[in-house]
$ cat input21.cif   # mmCIF, C-alpha atoms
data_structure
#
loop_
_atom_site.label_atom_id
_atom_site.label_comp_id
_atom_site.auth_asym_id
_atom_site.auth_seq_id
_atom_site.Cartn_x
_atom_site.Cartn_y
_atom_site.Cartn_z
CA MET A 267 -88.39 -37.17 -20.32
CA LEU A 268 -85.86 -34.72 -21.70
CA PHE A 269 -86.92 -34.39 -25.32
CA ALA A 270 -89.15 -36.14 -27.79
CA ARG A 271 -89.77 -36.20 -31.54
CA LEU A 272 -86.18 -35.17 -32.13
CA SER A 273 -84.85 -36.08 -35.52
CA LEU A 274 -81.48 -35.21 -36.94
CA ALA A 275 -79.14 -36.38 -39.63
CA VAL A 276 -75.52 -35.38 -40.03
CA GLU A 277 -73.67 -36.45 -43.14
CA ALA A 278 -69.94 -36.96 -43.55
CA GLY A 279 -68.23 -33.60 -43.82
CA GLU A 280 -70.91 -31.82 -41.84
CA ALA A 281 -70.99 -30.35 -38.38
CA LEU A 282 -73.94 -29.88 -36.10
CA HIS A 283 -74.06 -27.37 -33.27
CA VAL A 284 -76.53 -28.39 -30.59
CA THR A 285 -77.65 -25.51 -28.41
CA GLY A 286 -80.12 -25.08 -25.65
CA PRO A 287 -80.39 -23.98 -22.04
CA ASN A 288 -78.80 -25.89 -19.15
CA GLY A 289 -80.53 -29.10 -18.24
CA ILE A 290 -82.43 -29.43 -21.52
CA GLY A 291 -80.58 -32.62 -22.40
CA LYS A 292 -77.65 -31.70 -24.65
CA SER A 293 -75.26 -33.98 -22.79
CA SER A 294 -77.82 -36.77 -22.71
CA LEU A 295 -78.28 -36.41 -26.47
CA ILE A 296 -74.51 -36.72 -26.94
CA ARG A 297 -74.41 -39.82 -24.74
CA ILE A 298 -77.35 -41.34 -26.63
CA LEU A 299 -75.58 -40.65 -29.93
CA ALA A 300 -72.46 -42.27 -28.49
CA GLY A 301 -74.47 -45.35 -27.59
CA LEU A 302 -73.67 -44.94 -23.90
CA LEU A 303 -77.26 -44.22 -22.92
CA PRO A 304 -80.22 -46.10 -24.35
CA ALA A 305 -82.85 -43.88 -25.92
CA PHE A 306 -86.24 -44.36 -24.30
CA ALA A 307 -87.73 -44.57 -27.77
CA GLY A 308 -86.22 -44.27 -31.22
CA THR A 309 -83.00 -45.32 -32.85
CA VAL A 310 -79.53 -44.00 -33.56
CA ASP A 311 -77.71 -45.09 -36.70
CA THR A 312 -74.01 -44.33 -36.72
CA ALA A 313 -71.62 -45.18 -39.49
CA GLY A 314 -68.09 -45.43 -38.15
CA ALA A 315 -66.44 -45.22 -34.77
CA ALA A 316 -67.25 -42.32 -32.49
CA GLY A 317 -64.86 -40.28 -30.37
CA LEU A 318 -66.15 -38.47 -27.31
CA VAL A 319 -64.90 -35.51 -25.34
CA ASP A 320 -66.95 -34.62 -22.29
CA GLU A 321 -66.27 -33.12 -18.89
CA ARG A 322 -64.15 -36.09 -17.81
CA PRO A 323 -60.73 -36.20 -19.45
CA ALA A 324 -60.29 -39.99 -18.94
CA LEU A 325 -56.61 -39.47 -18.13
CA ASP A 326 -55.00 -40.95 -15.04
CA PRO A 327 -54.75 -38.01 -12.64
CA HIS A 328 -51.53 -39.10 -10.96
CA LEU A 329 -49.55 -39.74 -14.15
CA PRO A 330 -47.53 -37.13 -16.01
CA LEU A 331 -49.53 -35.94 -19.02
CA ALA A 332 -47.19 -37.58 -21.54
CA ARG A 333 -47.60 -41.00 -19.92
CA ALA A 334 -51.34 -40.60 -19.46
CA LEU A 335 -51.66 -39.83 -23.17
CA ALA A 336 -49.24 -42.64 -24.01
CA PHE A 337 -51.79 -45.12 -22.66
CA TRP A 338 -54.34 -43.94 -25.24
CA GLU A 339 -51.62 -43.91 -27.87
CA ARG A 340 -51.04 -47.60 -27.21
CA MET A 341 -54.78 -48.15 -27.65
CA ASP A 342 -55.40 -45.95 -30.69
CA GLY A 343 -52.05 -45.68 -32.39
CA HIS A 344 -49.73 -42.72 -32.67
CA ALA A 345 -50.77 -39.36 -34.09
CA ALA A 346 -47.86 -37.09 -34.84
CA GLY A 347 -48.18 -33.47 -33.83
CA ALA A 348 -51.49 -33.61 -31.95
CA VAL A 349 -49.87 -32.83 -28.61
CA GLU A 350 -47.79 -29.93 -29.96
CA ARG A 351 -50.70 -28.57 -31.96
CA LEU A 352 -52.77 -28.29 -28.79
CA GLY A 353 -49.97 -26.54 -26.94
CA LEU A 354 -49.27 -29.39 -24.57
CA GLY A 355 -45.66 -30.03 -25.57
CA GLU A 356 -44.24 -28.33 -22.48
CA LEU A 357 -46.65 -30.00 -20.08
CA GLY A 358 -45.55 -33.60 -20.65
CA ASP A 359 -43.95 -33.94 -17.23
CA VAL A 360 -46.80 -32.34 -15.27
CA PRO A 361 -49.14 -34.77 -13.50
CA VAL A 362 -52.64 -34.54 -14.92
CA ARG A 363 -54.15 -33.55 -11.57
CA PHE A 364 -52.10 -30.33 -11.57
CA LEU A 365 -53.35 -29.24 -15.00
CA SER A 366 -55.92 -26.47 -15.28
CA THR A 367 -59.43 -27.11 -16.60
CA GLY A 368 -58.48 -25.75 -20.00
CA GLN A 369 -55.29 -27.77 -20.19
CA LYS A 370 -57.16 -30.97 -19.33
CA LYS A 371 -59.70 -30.16 -22.01
CA ARG A 372 -56.92 -29.66 -24.54
CA ALA A 373 -55.39 -32.97 -23.47
CA ALA A 374 -58.74 -34.69 -24.05
CA LEU A 375 -58.88 -33.08 -27.51
CA ALA A 376 -55.38 -34.39 -28.25
CA ARG A 377 -56.65 -37.86 -27.35
CA LEU A 378 -59.63 -37.34 -29.67
CA VAL A 379 -57.46 -36.24 -32.58
CA ALA A 380 -55.19 -39.25 -32.13
CA GLN A 381 -58.18 -41.61 -32.02
CA ARG A 382 -58.93 -40.85 -35.71
CA ALA A 383 -62.63 -41.61 -35.29
CA PRO A 384 -64.80 -40.37 -38.16
CA VAL A 385 -67.54 -39.22 -35.78
CA TRP A 386 -66.70 -36.57 -33.19
CA LEU A 387 -69.08 -36.05 -30.29
CA LEU A 388 -68.08 -32.99 -28.29
CA ASP A 389 -69.90 -32.12 -25.11
CA GLU A 390 -69.16 -28.53 -24.08
CA PRO A 391 -65.69 -28.61 -25.65
CA LEU A 392 -65.14 -24.91 -25.00
CA ASN A 393 -65.50 -24.98 -21.23
CA GLY A 394 -62.41 -23.55 -19.59
CA LEU A 395 -60.67 -22.73 -22.87
CA ASP A 396 -59.13 -19.34 -23.61
CA ALA A 397 -59.82 -17.44 -26.83
CA ALA A 398 -56.82 -18.91 -28.65
CA ALA A 399 -57.82 -22.45 -27.73
CA VAL A 400 -61.41 -21.81 -28.82
CA GLY A 401 -60.06 -20.82 -32.23
CA LEU A 402 -58.00 -24.00 -32.24
CA VAL A 403 -61.04 -26.15 -31.52
CA GLU A 404 -62.95 -24.41 -34.32
CA ALA A 405 -60.03 -25.07 -36.68
CA LEU A 406 -59.78 -28.72 -35.62
CA VAL A 407 -63.48 -29.32 -36.18
CA ALA A 408 -63.35 -27.57 -39.56
CA GLU A 409 -60.35 -29.67 -40.62
CA HIS A 410 -61.99 -32.84 -39.37
CA CYS A 411 -65.12 -32.12 -41.42
CA ALA A 412 -63.06 -31.13 -44.46
CA CYS A 413 -61.39 -34.54 -44.29
CA GLY A 414 -64.74 -36.29 -44.47
CA GLY A 415 -65.45 -36.57 -40.77
CA LEU A 416 -68.50 -35.30 -38.99
CA ALA A 417 -68.88 -33.54 -35.68
CA VAL A 418 -71.74 -32.99 -33.26
CA VAL A 419 -70.92 -30.19 -30.85
CA ALA A 420 -73.14 -29.54 -27.86
CA SER A 421 -72.36 -26.16 -26.42
CA HIS A 422 -74.24 -23.22 -25.02
CA GLN A 423 -71.35 -21.04 -26.09
CA ALA A 424 -70.98 -19.54 -29.53
CA ILE A 425 -68.67 -21.56 -31.72
CA ALA A 426 -67.81 -20.63 -35.28
CA LEU A 427 -68.34 -23.70 -37.43
CA PRO A 428 -68.63 -22.70 -41.08
CA GLY A 429 -71.57 -24.37 -42.75
CA ALA A 430 -72.72 -26.09 -39.59
CA GLN A 431 -76.31 -27.04 -39.00
CA ARG A 432 -77.80 -25.71 -35.81
CA LEU A 433 -80.17 -27.61 -33.60
CA ALA A 434 -81.73 -25.75 -30.72
CA ILE A 435 -83.19 -28.23 -28.29
CA MET A 436 -86.30 -26.74 -26.80
CA ASP A 437 -88.95 -28.26 -24.69
CA TYR A 438 -90.05 -30.87 -27.19
CA THR A 439 -92.16 -32.66 -24.64
CA VAL A 440 -95.09 -30.25 -24.69
CA MET B 1359 -58.02 -55.84 -30.06
CA LYS B 1360 -55.05 -57.81 -28.75
CA ARG B 1361 -52.92 -54.69 -28.73
CA GLN B 1362 -55.59 -52.82 -26.82
CA LEU B 1363 -55.97 -55.57 -24.24
CA LEU B 1364 -52.21 -55.63 -23.71
CA ALA B 1365 -52.26 -51.86 -23.21
CA LEU B 1366 -55.07 -52.35 -20.68
CA LEU B 1367 -53.17 -55.05 -18.80
CA ARG B 1368 -50.07 -52.91 -18.74
CA ARG B 1369 -51.97 -49.98 -17.27
CA ASP B 1370 -53.79 -52.18 -14.74
CA LEU B 1371 -50.55 -53.72 -13.55
CA ALA B 1372 -48.85 -50.33 -13.28
CA LEU B 1373 -51.75 -49.15 -11.14
CA LEU B 1374 -52.16 -52.22 -8.97
CA LEU B 1375 -48.68 -53.67 -8.53
CA LEU B 1376 -46.03 -52.65 -6.03
CA GLY B 1377 -45.63 -48.92 -5.95
CA GLY B 1378 -48.64 -48.54 -8.20
CA ARG B 1379 -51.01 -45.72 -7.53
CA ARG B 1380 -54.02 -47.77 -6.56
CA GLY B 1381 -52.23 -50.82 -5.33
CA GLY B 1382 -50.01 -50.33 -2.54
CA ALA B 1383 -49.76 -54.11 -3.08
CA MET B 1384 -47.58 -54.06 0.02
CA LEU B 1385 -50.49 -53.04 2.21
CA PRO B 1386 -52.59 -56.23 1.97
CA LEU B 1387 -49.37 -58.18 2.38
CA VAL B 1388 -48.34 -56.41 5.57
CA PHE B 1389 -51.92 -56.74 6.79
CA PHE B 1390 -51.83 -60.48 6.08
CA LEU B 1391 -48.58 -60.91 8.01
CA ALA B 1392 -49.87 -58.76 10.85
CA VAL B 1393 -52.93 -60.99 11.25
CA ALA B 1394 -50.74 -64.10 11.23
CA THR B 1395 -48.45 -62.49 13.82
CA LEU B 1396 -51.25 -61.35 16.10
CA PHE B 1397 -53.07 -64.67 16.14
CA PRO B 1398 -50.64 -66.44 18.52
CA PHE B 1399 -50.96 -63.49 20.91
CA GLY B 1400 -54.70 -63.94 20.87
CA VAL B 1401 -54.94 -67.68 21.46
CA GLY B 1402 -51.78 -68.25 23.46
CA PRO B 1403 -48.48 -69.87 22.57
CA ASP B 1404 -49.58 -73.52 22.66
CA PRO B 1405 -47.69 -75.01 19.66
CA LYS B 1406 -50.17 -77.83 19.11
CA LEU B 1407 -53.16 -75.49 18.98
CA LEU B 1408 -51.31 -73.13 16.64
CA ALA B 1409 -50.26 -75.93 14.32
CA ARG B 1410 -53.82 -77.23 14.16
CA THR B 1411 -55.52 -73.87 13.55
CA GLY B 1412 -52.69 -72.10 11.68
CA GLY B 1413 -53.73 -73.15 8.18
CA GLY B 1414 -57.23 -71.81 8.72
CA VAL B 1415 -55.82 -68.55 10.03
CA ILE B 1416 -53.74 -68.15 6.87
CA TRP B 1417 -56.88 -68.64 4.79
CA VAL B 1418 -58.94 -66.09 6.72
CA ALA B 1419 -56.06 -63.62 6.60
CA ALA B 1420 -55.77 -64.16 2.83
CA LEU B 1421 -59.48 -63.46 2.38
CA LEU B 1422 -59.26 -60.27 4.44
CA ALA B 1423 -56.15 -59.12 2.58
CA ALA B 1424 -57.90 -59.65 -0.77
CA ILE B 1425 -60.78 -57.41 0.35
CA LEU B 1426 -58.58 -54.41 1.13
CA PRO B 1427 -58.13 -52.94 -2.38
CA LEU B 1428 -61.72 -53.51 -3.58
CA ASP B 1429 -62.83 -49.88 -3.74
CA ARG B 1430 -59.91 -49.02 -6.01
CA LEU B 1431 -60.52 -51.77 -8.57
CA ILE B 1432 -63.37 -50.41 -10.72
CA GLU B 1433 -64.83 -47.24 -9.25
CA PRO B 1434 -62.02 -44.78 -10.13
CA ASP B 1435 -62.15 -45.79 -13.81
CA VAL B 1436 -65.91 -45.29 -13.94
CA GLU B 1437 -65.50 -41.83 -12.45
CA LEU B 1438 -62.69 -40.91 -14.83
CA GLY B 1439 -64.86 -41.83 -17.81
CA MET B 1440 -62.44 -44.59 -18.83
CA PHE B 1441 -65.18 -47.17 -19.30
CA ASP B 1442 -67.07 -44.81 -21.65
CA GLN B 1443 -63.95 -44.27 -23.74
CA TRP B 1444 -63.31 -48.02 -23.90
CA ALA B 1445 -66.93 -48.67 -24.88
CA LEU B 1446 -66.57 -46.18 -27.77
CA ARG B 1447 -63.52 -48.10 -28.95
CA GLY B 1448 -65.55 -51.28 -29.04
CA ILE B 1449 -63.79 -52.92 -26.11
CA GLY B 1450 -66.50 -54.78 -24.22
CA GLU B 1451 -66.80 -54.33 -20.46
CA GLU B 1452 -66.37 -58.10 -20.17
CA TRP B 1453 -62.86 -57.88 -21.58
CA ILE B 1454 -61.94 -55.04 -19.28
CA VAL B 1455 -63.20 -56.90 -16.23
CA ALA B 1456 -61.40 -60.09 -17.31
CA VAL B 1457 -58.12 -58.21 -17.68
CA ARG B 1458 -58.67 -56.57 -14.33
CA VAL B 1459 -59.24 -59.92 -12.62
CA LEU B 1460 -55.90 -61.09 -14.00
CA ALA B 1461 -54.13 -57.91 -12.90
CA HIS B 1462 -55.75 -57.99 -9.46
CA TRP B 1463 -54.70 -61.60 -8.95
CA LEU B 1464 -51.14 -60.86 -10.07
CA SER B 1465 -51.04 -57.98 -7.61
CA PHE B 1466 -51.86 -60.05 -4.53
CA GLY B 1467 -51.95 -63.80 -5.30
CA PRO B 1468 -48.26 -64.62 -5.83
CA LEU B 1469 -47.18 -62.21 -3.08
CA LEU B 1470 -49.62 -63.80 -0.67
CA MET B 1471 -48.24 -67.23 -1.46
CA VAL B 1472 -44.73 -66.01 -0.66
CA ALA B 1473 -45.88 -64.28 2.51
CA ALA B 1474 -47.64 -67.46 3.60
CA LEU B 1475 -44.21 -69.04 4.14
CA PRO B 1476 -43.08 -66.77 7.00
CA ALA B 1477 -46.63 -66.81 8.32
CA ALA B 1478 -46.56 -70.61 8.37
CA ALA B 1479 -43.25 -70.50 10.20
CA LEU B 1480 -44.70 -68.13 12.82
CA LEU B 1481 -47.61 -70.48 13.35
CA GLY B 1482 -45.40 -73.56 13.48
CA LEU B 1483 -46.98 -75.46 10.58
CA ASP B 1484 -45.24 -78.62 9.40
CA ALA B 1485 -43.93 -79.06 5.86
CA ALA B 1486 -46.85 -81.16 4.60
CA THR B 1487 -49.39 -78.61 5.84
CA VAL B 1488 -47.45 -75.74 4.30
CA ARG B 1489 -47.48 -77.57 0.97
CA THR B 1490 -51.25 -78.06 1.15
CA VAL B 1491 -51.76 -74.42 2.17
CA GLU B 1492 -49.67 -73.21 -0.77
CA LEU B 1493 -51.46 -75.48 -3.24
CA GLY B 1494 -54.80 -74.35 -1.81
CA LEU B 1495 -53.84 -70.67 -2.12
CA LEU B 1496 -52.73 -71.24 -5.72
CA ALA B 1497 -56.11 -72.80 -6.44
CA GLY B 1498 -58.18 -70.36 -4.38
CA THR B 1499 -56.69 -66.88 -4.83
CA PRO B 1500 -57.79 -66.56 -8.49
CA GLY B 1501 -61.34 -67.17 -7.28
CA LEU B 1502 -60.89 -64.53 -4.57
CA ALA B 1503 -59.67 -62.10 -7.26
CA ALA B 1504 -62.71 -62.88 -9.43
CA VAL B 1505 -65.13 -62.34 -6.55
CA GLY B 1506 -63.34 -59.13 -5.61
CA VAL B 1507 -63.52 -57.57 -9.08
CA MET B 1508 -67.12 -58.73 -9.57
CA VAL B 1509 -68.26 -57.14 -6.31
CA ALA B 1510 -66.18 -54.02 -6.97
CA ALA B 1511 -68.04 -53.64 -10.28
CA LEU B 1512 -71.42 -54.20 -8.62
CA THR B 1513 -70.80 -51.55 -5.97
CA SER B 1514 -68.93 -49.07 -8.19
CA GLY B 1515 -71.78 -46.60 -8.48
CA LEU B 1516 -72.93 -46.76 -4.89
CA ARG B 1517 -72.26 -44.43 -2.01
CA GLY B 1518 -70.52 -46.25 0.79
CA GLY B 1519 -69.66 -48.91 -1.75
CA ALA B 1520 -66.39 -49.85 -0.05
CA ALA B 1521 -67.93 -51.13 3.16
CA LEU B 1522 -70.72 -52.84 1.25
CA ALA B 1523 -68.20 -54.51 -1.05
CA GLY B 1524 -66.41 -56.07 1.91
CA LEU B 1525 -69.69 -57.33 3.24
CA LEU B 1526 -70.73 -58.81 -0.11
CA VAL B 1527 -67.43 -60.55 -0.80
CA ILE B 1528 -67.48 -62.61 2.39
CA PRO B 1529 -70.51 -64.83 1.65
CA LEU B 1530 -69.37 -65.29 -1.97
CA ALA B 1531 -65.95 -66.37 -0.76
CA VAL B 1532 -67.35 -68.91 1.69
CA PRO B 1533 -67.08 -71.90 -0.73
CA LEU B 1534 -63.44 -71.08 -1.39
CA LEU B 1535 -62.76 -70.82 2.31
CA VAL B 1536 -64.64 -74.01 3.17
CA PHE B 1537 -62.84 -76.12 0.59
CA GLY B 1538 -59.50 -74.33 0.91
CA ALA B 1539 -59.27 -74.54 4.68
CA GLY B 1540 -61.02 -77.91 4.59
CA SER B 1541 -58.19 -79.35 2.52
CA LEU B 1542 -56.01 -79.01 5.61
CA ALA B 1543 -58.08 -81.43 7.67
CA PRO B 1544 -56.89 -85.05 7.73
CA GLY B 1545 -58.12 -86.79 4.59
CA GLY B 1546 -59.21 -83.48 3.06
CA GLU B 1547 -56.77 -83.44 0.15
CA THR B 1548 -59.58 -83.38 -2.41
CA GLY B 1549 -60.38 -79.95 -1.00
CA VAL B 1550 -57.68 -78.41 -3.21
CA ALA B 1551 -59.36 -79.78 -6.31
CA LEU B 1552 -62.74 -78.49 -5.13
CA THR B 1553 -61.22 -75.08 -4.39
CA ALA B 1554 -59.84 -75.01 -7.92
CA ALA B 1555 -63.27 -75.97 -9.28
CA VAL B 1556 -64.98 -73.14 -7.37
CA SER B 1557 -62.28 -70.75 -8.59
CA LEU B 1558 -62.87 -71.77 -12.19
CA VAL B 1559 -66.61 -71.22 -11.89
CA LEU B 1560 -66.06 -67.79 -10.35
CA LEU B 1561 -63.49 -66.89 -13.02
CA ALA B 1562 -65.97 -67.88 -15.71
CA ILE B 1563 -68.80 -65.81 -14.22
CA ALA B 1564 -66.87 -62.72 -13.14
CA PRO B 1565 -66.29 -61.00 -16.52
CA PHE B 1566 -69.95 -61.28 -17.51
CA ALA B 1567 -71.40 -60.33 -14.12
CA GLY B 1568 -68.90 -57.51 -13.67
CA GLY B 1569 -69.35 -56.24 -17.22
CA ALA B 1570 -73.11 -56.24 -16.90
CA ALA B 1571 -72.83 -54.37 -13.59
CA VAL B 1572 -70.69 -51.63 -15.14
CA ARG B 1573 -73.12 -51.26 -18.05
CA ALA B 1574 -76.14 -51.18 -15.75
CA ALA B 1575 -74.56 -48.50 -13.58
CA ARG B 1576 -74.01 -46.33 -16.66
CA GLY B 1577 -77.67 -46.21 -17.71
#

$ encode --input "input21.cif" --output "structure tokens"
Amino acid sequence: MLFARLSLAVEAGEALHVTGPNGIGKSSLIRILAGLLPAFAGTVDTAGAAGLVDERPALDPHLPLARALAFWERMDGHAAGAVERLGLGELGDVPVRFLSTGQKKRAALARLVAQRAPVWLLDEPLNGLDAAAVGLVEALVAEHCACGGLAVVASHQAIALPGAQRLAIMDYTV
Amino acid sequence: MKRQLLALLRRDLALLLLGGRRGGAMLPLVFFLAVATLFPFGVGPDPKLLARTGGGVIWVAALLAAILPLDRLIEPDVELGMFDQWALRGIGEEWIVAVRVLAHWLSFGPLLMVAALPAAALLGLDAATVRTVELGLLAGTPGLAAVGVMVAALTSGLRGGAALAGLLVIPLAVPLLVFGAGSLAPGGETGVALTAAVSLVLLAIAPFAGGAAVRAARG
């Protein structure tokens, strides 16, 4: 059992920052919210499609970045400017497996932006990102919420999300 | 949905077909021809014996060739998080597995049927037998593809899954082999129809069994 008696509600336009020590269940909470893990007890109600960014970029490692992203573009539709915005414009010809951790994370965020899902579930989105990219993620989340989306961000790192709720997962089991 | 499935099929084919990253579709083919070439060395050059057993050899070689790419069919996409992303987009695992069966068959079925021609020549099969072998392969290889993808999905989360997958495919492929190779015996022409029937059953089961396996492994 990771946590119990956990209740949260995030409305459209809001962000939630989930914090807590390693191993407390932040990632599991994100996967439960995404519907990828069944909750042992309780329910999750989500209105609208969810987009997920976790530690796996879900991009074919052998393909050049532009073609790996093009696959998701064919699935989700085209989003102008997402790639350039995340500073990936020059990396289109580089195979995904040669990208750094931070670059892969930015590529996953580009996929998320292009998905246009109203619900963003971000699991440690700041891992491997430099200061400029952290600012970019903060701006993206703020914009997303301003446009009526909502975001749940699980991160042990500080992230500036104006007006965000905070949820510190502690040992709820005792 | 249709657009997404087409995108999936396109990616699967790019990965599995000739020159594709996970395919090396050539490899099962070369393996298949190598088995057919080695067989006469093993049993001796008696043309009558070769002509009588050759069809069966082609079937066994086809089964072995279909097993080769199993560990690359499902597992890498689970590890990459692809299945999670597809689930979030509302694309059921059943659809993904169905598309993959099609792509897997396209990557080895037609090629195997072409390669069976030189193999048949090496083994000295007559024209009527070659025709039955080709018809049998057309009926049976989709079933082999379905079994392959199903087992690949079942073993995707397991350590040492590749060896286990090979082991699991063989008993499931026995009906195909029995009817397929059986169609070559005198008076066994109905075997092709039975092979096709087994294939259809396997094709109908595979997406649901494979999809359920991927979901169960996620939990």

$ closest_residue --input "input21.cif" --among "B:Ala1420, B:Leu1495, B:Ala1551, B:Leu1446" --to "chain A" --atoms "all atoms listed in the file"
B:Leu1446

$ resolve_selection --input "input21.cif" --expression "the PyMOL selection byres ((chain B and resi 1507) around 8)" --output "PyMOL selection string"
chain B and resi 1428+1431-1432+1455+1458-1459+1462+1503-1506+1508-1511+1564+1568

$ atom_distance --input "input21.cif" --atom1 "atom CA of B:Met1440" --atom2 "atom CA of B:Val1527"
24.6 Å

$ interface_residues --input "input21.cif" --of "chain B" --to "chain A" --cutoff "12 Å" --atoms "all atoms listed in the file" --output "PyMOL selection string"
chain B and resi 1359-1370+1372-1373+1378-1380+1434-1449+1572-1577

$ resolve_selection --input "input21.cif" --expression "the PyMOL selection byres ((chain B and resi 1532) around 12)" --output "list of chain:residue names"
B:Trp1417, B:Val1418, B:Leu1421, B:Gly1498, B:Gly1501, B:Leu1502, B:Val1505, B:Leu1525, B:Leu1526, B:Val1527, B:Ile1528, B:Pro1529, B:Leu1530, B:Ala1531, B:Pro1533, B:Leu1534, B:Leu1535, B:Val1536, B:Phe1537, B:Gly1538, B:Ala1539, B:Gly1540, B:Thr1553, B:Val1556, B:Ser1557

$ resolve_selection --input "input21.cif" --expression "the PyMOL selection byres ((chain A and resi 365-377) around 6)" --output "PDB file with C-alpha atoms, keeping the file's coordinate frame"
ATOM      1  CA  PRO A 323     -60.730 -36.200 -19.450  1.00  0.00           C
ATOM      2  CA  ALA A 348     -51.490 -33.610 -31.950  1.00  0.00           C
ATOM      3  CA  VAL A 349     -49.870 -32.830 -28.610  1.00  0.00           C
ATOM      4  CA  VAL A 362     -52.640 -34.540 -14.920  1.00  0.00           C
ATOM      5  CA  ARG A 363     -54.150 -33.550 -11.570  1.00  0.00           C
ATOM      6  CA  PHE A 364     -52.100 -30.330 -11.570  1.00  0.00           C
ATOM      7  CA  LEU A 378     -59.630 -37.340 -29.670  1.00  0.00           C
ATOM      8  CA  VAL A 379     -57.460 -36.240 -32.580  1.00  0.00           C
ATOM      9  CA  ALA A 380     -55.190 -39.250 -32.130  1.00  0.00           C
ATOM     10  CA  GLY A 394     -62.410 -23.550 -19.590  1.00  0.00           C
ATOM     11  CA  LEU A 395     -60.670 -22.730 -22.870  1.00  0.00           C
TER      12      LEU A 395
END

$ axis_aligned_box --input "input21.cif" --around "stretch 290-303 of chain A" --padding-each-side "3 Å" --output "lines of an AutoDock Vina configuration file"
center_x = -77.4
center_y = -37.4
center_z = -25.7
size_x = 16.0
size_y = 21.9
size_z = 14.4

$ atom_distance --input "input21.cif" --atom1 "atom CA of A:Ala281" --atom2 "atom CA of A:Val407"
7.9 Å

$ closest_residue --input "input21.cif" --among "B:Ala1571, B:Leu1558, B:Leu1460, B:Leu1408" --to "B:Leu1483" --atoms "all atoms listed in the file"
B:Leu1408

$ residues_near_point --input "input21.cif" --point "(-75.9, -31.7, -43.4)" --cutoff "10 Å" --atoms "only C-alpha atoms" --output "PyMOL selection string"
chain A and resi 274-282+416+429-432

$ residues_around --input "input21.cif" --residues "A:Val419" --least-positions-apart "2" --cutoff "7 Å" --atoms "only C-alpha atoms" --output "PyMOL selection string"
chain A and resi 282-284+387-389+417+421

$ residues_around --input "input21.cif" --residues "B:Val1491" --least-positions-apart "6" --cutoff "9 Å" --atoms "all atoms listed in the file" --output "list in words"
Gly1413, Gly1414, Ile1416, Trp1417, Met1471, Ala1474, Ala1478, Gly1538, Ala1539, Ser1541, Leu1542 and Val1550 of chain B

$ closest_residue --input "input21.cif" --among "A:Ala434, A:Ser294, A:His410, A:Gly347" --to "A:Val385" --atoms "only C-alpha atoms"
A:His410

$ atom_distance --input "input21.cif" --atom1 "atom CA of B:Ser1465" --atom2 "atom CA of B:Leu1371"
7.3 Å

$ closest_residue --input "input21.cif" --among "B:Pro1427, B:Pro1476, B:Gly1482, B:Pro1398" --to "B:Ala1520" --atoms "all atoms listed in the file"
B:Pro1427

$ residues_around --input "input21.cif" --residues "A:Gly358" --least-positions-apart "4" --cutoff "8 Å" --atoms "all atoms listed in the file" --output "ChimeraX atom specification"
/A:330-333,354

$ closest_residue --input "input21.cif" --among "A:Val360, A:Val403, A:Ala412, A:Leu268" --to "A:Ile290" --atoms "only C-alpha atoms"
A:Leu268

$ residues_around --input "input21.cif" --residues "B:Asp1484" --least-positions-apart "2" --cutoff "12 Å" --atoms "all atoms listed in the file" --output "MDAnalysis selection string"
chainID B and resid 1405:1406 1408:1410 1412:1413 1475 1477:1482 1486:1491 1542

$ write_last_selection --input "input21.cif" --atoms "C-alpha atoms" --output "mmCIF file, keeping the file's coordinate frame"
data_model
loop_
_atom_site.group_PDB
_atom_site.id
_atom_site.type_symbol
_atom_site.label_atom_id
_atom_site.label_comp_id
_atom_site.auth_asym_id
_atom_site.auth_seq_id
_atom_site.Cartn_x
_atom_site.Cartn_y
_atom_site.Cartn_z
ATOM 1 C CA PRO B 1405 -47.690 -75.010 19.660
ATOM 2 C CA LYS B 1406 -50.170 -77.830 19.110
ATOM 3 C CA LEU B 1408 -51.310 -73.130 16.640
ATOM 4 C CA ALA B 1409 -50.260 -75.930 14.320
ATOM 5 C CA ARG B 1410 -53.820 -77.230 14.160
ATOM 6 C CA GLY B 1412 -52.690 -72.100 11.680
ATOM 7 C CA GLY B 1413 -53.730 -73.150 8.180
ATOM 8 C CA LEU B 1475 -44.210 -69.040 4.140
ATOM 9 C CA ALA B 1477 -46.630 -66.810 8.320
ATOM 10 C CA ALA B 1478 -46.560 -70.610 8.370
ATOM 11 C CA ALA B 1479 -43.250 -70.500 10.200
ATOM 12 C CA LEU B 1480 -44.700 -68.130 12.820
ATOM 13 C CA LEU B 1481 -47.610 -70.480 13.350
ATOM 14 C CA GLY B 1482 -45.400 -73.560 13.480
ATOM 15 C CA ALA B 1486 -46.850 -81.160 4.600
ATOM 16 C CA THR B 1487 -49.390 -78.610 5.840
ATOM 17 C CA VAL B 1488 -47.450 -75.740 4.300
ATOM 18 C CA ARG B 1489 -47.480 -77.570 0.970
ATOM 19 C CA THR B 1490 -51.250 -78.060 1.150
ATOM 20 C CA VAL B 1491 -51.760 -74.420 2.170
ATOM 21 C CA LEU B 1542 -56.010 -79.010 5.610
#
